[in-house]
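Working notes, structure below.
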Amino acid sequence: MALSEQAICIRTTDYSETSQVLRFLTRGAGIVSILAKGSKRPKSKSGGALDLLSEGQIVFTQPASGAMGTLFEFTETVSHLPLRTEARRLNTGLYMTEFIGLLLGEGDAHPDAFDLLHNALGRLADADAPVEAVLAYFQWRMLRHAGLLGQLSNCVECDVSINAEHGAGAVFFSSARGGLLCGSCGCTTDEKINISTDAITGLAGLQLARGRRGVSLSEAQTRGVNRLLSYHATYQLGKPLRMARYVIR
Ligand SMILES: [Zn+2]
C-alpha cells in the first residue's frame, strides 16, 4: 500500500546510472530508505536527481522487512535554495541531517524531530540567520529528544550546582558519566573535556528557554555549547560526524 508523507531527504546514494537510494526523515513514518527508480533522468517525476535537504511530499511503498520500498512521486513543497547559496549555512544544514540520521533509527515515527529539522532548515534559509545559535538549539533539542542530554546544571557525581561562578578550567563534561562534573569530581574521571564559562551560561540559557524559539545567546556561548554537544553526540554515537570539521569551531 502506498503512503504519502511530508519528508526531508537526509541521504542520497547512487544506485545505478539512473536510480538513487534515498533516505528520508518523514513526519509520520520516521526514517525510511527507498529506491527512486529513474530519479536521475531529467524527465523523471521528481524532475531529476534529488539532492540532500530536498523537502516535499513523497508517495512511496513502506519497505517490507529486508526489502526496500519504492518512491513513486516527489513534489517539492519547500525550496531550500537560499540555504545552498552559502557554504556555512549549507554545511550546517548537512550536519543537522547527518546528526538526525545517526541519532534516530528506522521504524519509529518522530514527528517532533521532523518539525525541529524543518524549522531549523527554514531558519537557516533566512539571510540574517544566526547560524551558530540555530545549530546550538537544534543539537540541544535533538539530544533531549533522544534522551541523551544528560545532567547539565549540577555535577553528576556530588550534585553541586554548577554555574558561571565556577570559572574557566574548573568544570568538566563527561559523556560516559552523562553530564557536568565539578572540578574535584572531574579529577577522578578519565573521559572528560574542559568546559568554558560561556558554555555553562549558554546551556543555562537553553534550559531556561524550555523549547521556545528566540533564545538569545552570544557567539562565544553558542560556540561553547556547540562544541560540547557535538563532542557528546560523537561519543554517544561511537563515531565522528563527517560534517563536524566544517561546522564545529
Ligand atoms: Zn562534583
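Residues in the C-alpha cells are numbered from 1 in each chain, the chains being A, B, ... in the order shown, and ligands are numbered from 1 in the order shown.
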Original post:
Can I get the residues close to ligand 1 as a ChimeraX atom specification, where close means within 12 Å and we count only C-alpha atoms and all ligand atoms?
Top reply: /A:151,153-162,166,170-174,177,179-189
For segment 66-163 of chain A against segment 7-26 of chain A, with a cut-off of 7 Å and counting only C-alpha atoms, what is the closest atom pair and its distance in Å to one decimal for every residue that makes the cut, ordered by chain and number, as CSV?
residue,atom,partner,partner_atom,distance
A:Thr97,CA,A:Ile10,CA,5.2
A:Glu98,CA,A:Ile10,CA,6.9
A:Gly101,CA,A:Ile10,CA,6.9
A:Phe114,CA,A:Leu25,CA,6.7
What does the file look like for those residues with C-alpha atoms, as a PDB file, in the first residue's frame?
ATOM      1  CA  THR A  97      20.704  15.856   8.643  1.00  0.00           C
ATOM      2  CA  GLU A  98      23.720  13.688   9.435  1.00  0.00           C
ATOM      3  CA  GLY A 101      20.140  10.271  10.709  1.00  0.00           C
ATOM      4  CA  PHE A 114      10.827  16.227  11.800  1.00  0.00           C
TER       5      PHE A 114
END
Original post:
Which polymer residues have any atom within 10 Å of an atom of Ser39 of chain A, counting only C-alpha atoms, with same-chain residues fewer than 4 positions away left out, as a ChimeraX atom specification?
Top reply: /A:17-21,35,43-50,71-74
Could you turn the residues from that selection into a file that holds C-alpha atoms, as a PDB file, in the first residue's frame?
ATOM      1  CA  GLU A  17      23.164   5.174 -13.688  1.00  0.00           C
ATOM      2  CA  THR A  18      19.572   6.350 -13.445  1.00  0.00           C
ATOM      3  CA  SER A  19      18.434   5.447  -9.929  1.00  0.00           C
ATOM      4  CA  GLN A  20      19.129   6.545  -6.353  1.00  0.00           C
ATOM      5  CA  VAL A  21      18.572   5.118  -2.909  1.00  0.00           C
ATOM      6  CA  LEU A  35      14.624   3.224  -4.096  1.00  0.00           C
ATOM      7  CA  LYS A  43      12.184  13.746 -17.200  1.00  0.00           C
ATOM      8  CA  SER A  44      11.578  11.774 -14.012  1.00  0.00           C
ATOM      9  CA  LYS A  45       8.608  12.663 -11.820  1.00  0.00           C
ATOM     10  CA  SER A  46      10.954  14.332  -9.350  1.00  0.00           C
ATOM     11  CA  GLY A  47      12.473  16.435 -12.134  1.00  0.00           C
ATOM     12  CA  GLY A  48      15.961  14.952 -11.912  1.00  0.00           C
ATOM     13  CA  ALA A  49      18.166  13.544  -9.152  1.00  0.00           C
ATOM     14  CA  LEU A  50      17.129  14.504  -5.641  1.00  0.00           C
ATOM     15  CA  LEU A  71       9.449   6.028  -4.342  1.00  0.00           C
ATOM     16  CA  PHE A  72       6.635   6.836  -6.765  1.00  0.00           C
ATOM     17  CA  GLU A  73       6.430  10.590  -6.524  1.00  0.00           C
ATOM     18  CA  PHE A  74       8.233  13.552  -5.051  1.00  0.00           C
TER      19      PHE A  74
END
Original post:
If you measure from atom CA of Ile193 of chain A to atom CA of Leu228 of chain A, what distance in Å do you get, rounded to one decimal?
Top reply: 8.2 Å
Original post:
With only C-alpha atoms as the atoms that count, which of A:Glu106, A:Asp51, A:Glu132, A:Glu165 lies nearest to His80 of chain A?
Top reply: A:Asp51
Would you kindly return, as a tab-separated table (two decimals) with N, CA and C atoms, in the first residue's frame, each protein, DNA or RNA residue with an atom no farther than 9 Å from any atom of segment 115-120 of chain A, considering only C-alpha atoms and excluding same-chain residues fewer than 5 positions away?
chain	number	residue	atom	x	y	z
A	8	ILE	N	11.93	14.97	4.39
A	8	ILE	CA	13.17	15.70	4.08
A	8	ILE	C	14.23	14.65	3.74
A	27	ARG	N	7.53	12.80	8.32
A	27	ARG	CA	6.88	13.30	9.54
A	27	ARG	C	6.15	12.18	10.28
A	55	GLU	N	12.95	18.88	0.32
A	55	GLU	CA	11.80	18.68	1.21
A	55	GLU	C	10.52	18.72	0.39
A	93	GLY	N	23.27	22.82	7.66
A	93	GLY	CA	22.10	22.00	7.32
A	93	GLY	C	22.47	20.54	7.10
A	96	MET	N	23.18	18.86	10.37
A	96	MET	CA	21.94	18.53	11.07
A	96	MET	C	21.31	17.24	10.53
A	97	THR	N	21.31	17.07	9.21
A	97	THR	CA	20.70	15.86	8.64
A	97	THR	C	21.54	14.63	9.02
A	100	ILE	N	20.80	13.86	12.77
A	100	ILE	CA	19.48	13.27	12.98
A	100	ILE	C	19.45	11.83	12.45
A	110	HIS	N	8.92	10.03	14.39
A	110	HIS	CA	9.46	11.11	15.22
A	110	HIS	C	8.96	12.45	14.70
A	125	ALA	N	17.66	29.25	6.17
A	125	ALA	CA	17.47	29.83	4.85
A	125	ALA	C	17.29	31.35	4.91
A	134	VAL	N	21.15	28.65	15.84
A	134	VAL	CA	20.20	27.67	15.30
A	134	VAL	C	20.75	26.27	15.53
A	135	LEU	N	22.06	26.12	15.31
A	135	LEU	CA	22.69	24.81	15.50
A	135	LEU	C	22.70	24.40	16.97
A	137	TYR	N	20.63	25.28	19.36
A	137	TYR	CA	19.27	24.90	19.76
A	137	TYR	C	18.92	23.54	19.18
A	138	PHE	N	19.26	23.30	17.92
A	138	PHE	CA	18.96	22.03	17.25
A	138	PHE	C	19.64	20.85	17.98
A	141	ARG	N	18.04	20.26	21.43
A	141	ARG	CA	16.70	19.66	21.35
A	141	ARG	C	16.77	18.21	20.87
A	142	MET	N	17.64	17.91	19.90
A	142	MET	CA	17.73	16.55	19.39
A	142	MET	C	18.26	15.58	20.44
**OP:** Run DSSP on the backbone of this structure and report the residues of segment 12-233 of chain A it assigns to strand (DSSP E), as a PyMOL selection string.
**Re:** chain A and resi 12-14+20-26+30-36+55-61+69-78+171-174+179-182+193-194
**OP:** Please give the complete set of residues from segment 3-239 of chain A that DSSP, run on the backbone, assigns to helix (DSSP H, G or I), formatted as number ranges by chain.
**Re:** A: 81-85, 87-103, 111-124, 131-145, 164-166, 183-186, 197-209, 219-237
Using C-alpha atoms, can you write the selected residues to a file as an mmCIF file, in the first residue's frame?
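And here's part-v7.cif as it stands now:
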data_model
loop_
_atom_site.group_PDB
_atom_site.id
_atom_site.type_symbol
_atom_site.label_atom_id
_atom_site.label_comp_id
_atom_site.auth_asym_id
_atom_site.auth_seq_id
_atom_site.Cartn_x
_atom_site.Cartn_y
_atom_site.Cartn_z
ATOM 1 C CA LEU A 81 17.628 27.168 -2.341
ATOM 2 C CA PRO A 82 18.706 30.190 -0.206
ATOM 3 C CA LEU A 83 20.409 27.767 2.150
ATOM 4 C CA ARG A 84 22.542 26.424 -0.694
ATOM 5 C CA THR A 85 23.981 29.825 -1.545
ATOM 6 C CA ALA A 87 28.749 27.219 2.472
ATOM 7 C CA ARG A 88 28.385 27.895 6.193
ATOM 8 C CA ARG A 89 24.592 27.621 6.137
ATOM 9 C CA LEU A 90 24.597 24.641 3.767
ATOM 10 C CA ASN A 91 27.208 22.772 5.814
ATOM 11 C CA THR A 92 25.230 23.409 8.992
ATOM 12 C CA GLY A 93 22.097 22.003 7.317
ATOM 13 C CA LEU A 94 24.038 18.951 6.175
ATOM 14 C CA TYR A 95 25.489 18.485 9.671
ATOM 15 C CA MET A 96 21.939 18.529 11.073
ATOM 16 C CA THR A 97 20.704 15.856 8.643
ATOM 17 C CA GLU A 98 23.720 13.688 9.435
ATOM 18 C CA PHE A 99 23.158 14.218 13.167
ATOM 19 C CA ILE A 100 19.481 13.266 12.983
ATOM 20 C CA GLY A 101 20.140 10.271 10.709
ATOM 21 C CA LEU A 102 22.684 8.826 13.130
ATOM 22 C CA LEU A 103 20.687 9.537 16.248
ATOM 23 C CA PRO A 111 7.141 13.990 14.286
ATOM 24 C CA ASP A 112 8.868 16.286 16.819
ATOM 25 C CA ALA A 113 12.258 15.616 15.252
ATOM 26 C CA PHE A 114 10.827 16.227 11.800
ATOM 27 C CA ASP A 115 9.353 19.564 12.900
ATOM 28 C CA LEU A 116 12.625 20.507 14.562
ATOM 29 C CA LEU A 117 14.637 19.836 11.390
ATOM 30 C CA HIS A 118 12.026 21.520 9.198
ATOM 31 C CA ASN A 119 12.073 24.652 11.362
ATOM 32 C CA ALA A 120 15.858 24.716 11.689
ATOM 33 C CA LEU A 121 16.379 24.437 7.918
ATOM 34 C CA GLY A 122 13.762 27.123 7.380
ATOM 35 C CA ARG A 123 15.575 29.413 9.822
ATOM 36 C CA LEU A 124 18.934 28.725 8.164
ATOM 37 C CA VAL A 131 23.669 30.036 12.191
ATOM 38 C CA GLU A 132 25.531 29.052 15.367
ATOM 39 C CA ALA A 133 22.504 29.680 17.587
ATOM 40 C CA VAL A 134 20.204 27.673 15.297
ATOM 41 C CA LEU A 135 22.688 24.808 15.497
ATOM 42 C CA ALA A 136 23.035 25.043 19.289
ATOM 43 C CA TYR A 137 19.271 24.902 19.762
ATOM 44 C CA PHE A 138 18.964 22.028 17.252
ATOM 45 C CA GLN A 139 21.662 19.880 18.883
ATOM 46 C CA TRP A 140 20.288 20.541 22.347
ATOM 47 C CA ARG A 141 16.705 19.659 21.346
ATOM 48 C CA MET A 142 17.725 16.545 19.388
ATOM 49 C CA LEU A 143 19.836 15.171 22.232
ATOM 50 C CA ARG A 144 16.982 15.841 24.626
ATOM 51 C CA HIS A 145 14.562 14.117 22.216
ATOM 52 C CA ALA A 164 29.280 30.711 35.857
ATOM 53 C CA GLU A 165 30.941 31.322 39.235
ATOM 54 C CA HIS A 166 32.928 28.132 38.791
ATOM 55 C CA GLY A 183 36.482 20.423 39.434
ATOM 56 C CA SER A 184 37.080 17.922 42.234
ATOM 57 C CA CYS A 185 34.872 15.125 40.804
ATOM 58 C CA GLY A 186 36.359 15.787 37.357
ATOM 59 C CA THR A 197 32.193 29.577 31.336
ATOM 60 C CA ASP A 198 30.449 30.610 28.113
ATOM 61 C CA ALA A 199 29.318 27.017 27.524
ATOM 62 C CA ILE A 200 27.919 26.810 31.081
ATOM 63 C CA THR A 201 25.928 30.029 30.770
ATOM 64 C CA GLY A 202 24.875 29.098 27.222
ATOM 65 C CA LEU A 203 23.481 25.768 28.430
ATOM 66 C CA ALA A 204 21.680 27.534 31.266
ATOM 67 C CA GLY A 205 20.105 29.862 28.693
ATOM 68 C CA LEU A 206 18.864 26.911 26.627
ATOM 69 C CA GLN A 207 17.418 25.148 29.704
ATOM 70 C CA LEU A 208 15.544 28.310 30.684
ATOM 71 C CA ALA A 209 14.115 28.725 27.188
ATOM 72 C CA GLU A 219 28.589 33.982 19.822
ATOM 73 C CA ALA A 220 31.005 32.679 22.454
ATOM 74 C CA GLN A 221 28.141 30.898 24.255
ATOM 75 C CA THR A 222 26.805 29.216 21.126
ATOM 76 C CA ARG A 223 30.314 28.161 20.100
ATOM 77 C CA GLY A 224 30.933 26.634 23.541
ATOM 78 C CA VAL A 225 27.576 24.842 23.549
ATOM 79 C CA ASN A 226 28.018 23.530 20.000
ATOM 80 C CA ARG A 227 31.469 22.161 20.766
ATOM 81 C CA LEU A 228 30.227 20.440 23.927
ATOM 82 C CA LEU A 229 27.087 18.907 22.352
ATOM 83 C CA SER A 230 28.969 17.768 19.257
ATOM 84 C CA TYR A 231 31.573 16.101 21.476
ATOM 85 C CA HIS A 232 28.793 14.412 23.454
ATOM 86 C CA ALA A 233 26.962 13.184 20.321
ATOM 87 C CA THR A 234 30.189 11.853 18.821
ATOM 88 C CA TYR A 235 30.969 9.915 21.982
ATOM 89 C CA GLN A 236 27.432 8.531 22.237
ATOM 90 C CA LEU A 237 27.318 7.542 18.566
#
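You can rank A:Gly107, A:Gly178, A:Gly147, A:Gly69 by their closest distance to Gly28 of chain A using only C-alpha atoms, and at the top of that list sits A:Gly107.
The coordinates place atom CA of Ala109 of chain A at 15.8 Å from atom CA of Thr61 of chain A.
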**OP:** Record the distance separating atom CA of Ala127 of chain A and atom CA of Ile58 of chain A, expressed in Å with one decimal.
**Re:** 28.0 Å
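Counting only C-alpha atoms and comparing A:Asp126, A:Ala67, A:Val32, A:Ser79, the residue that lies closest to Gly105 of chain A is A:Val32.
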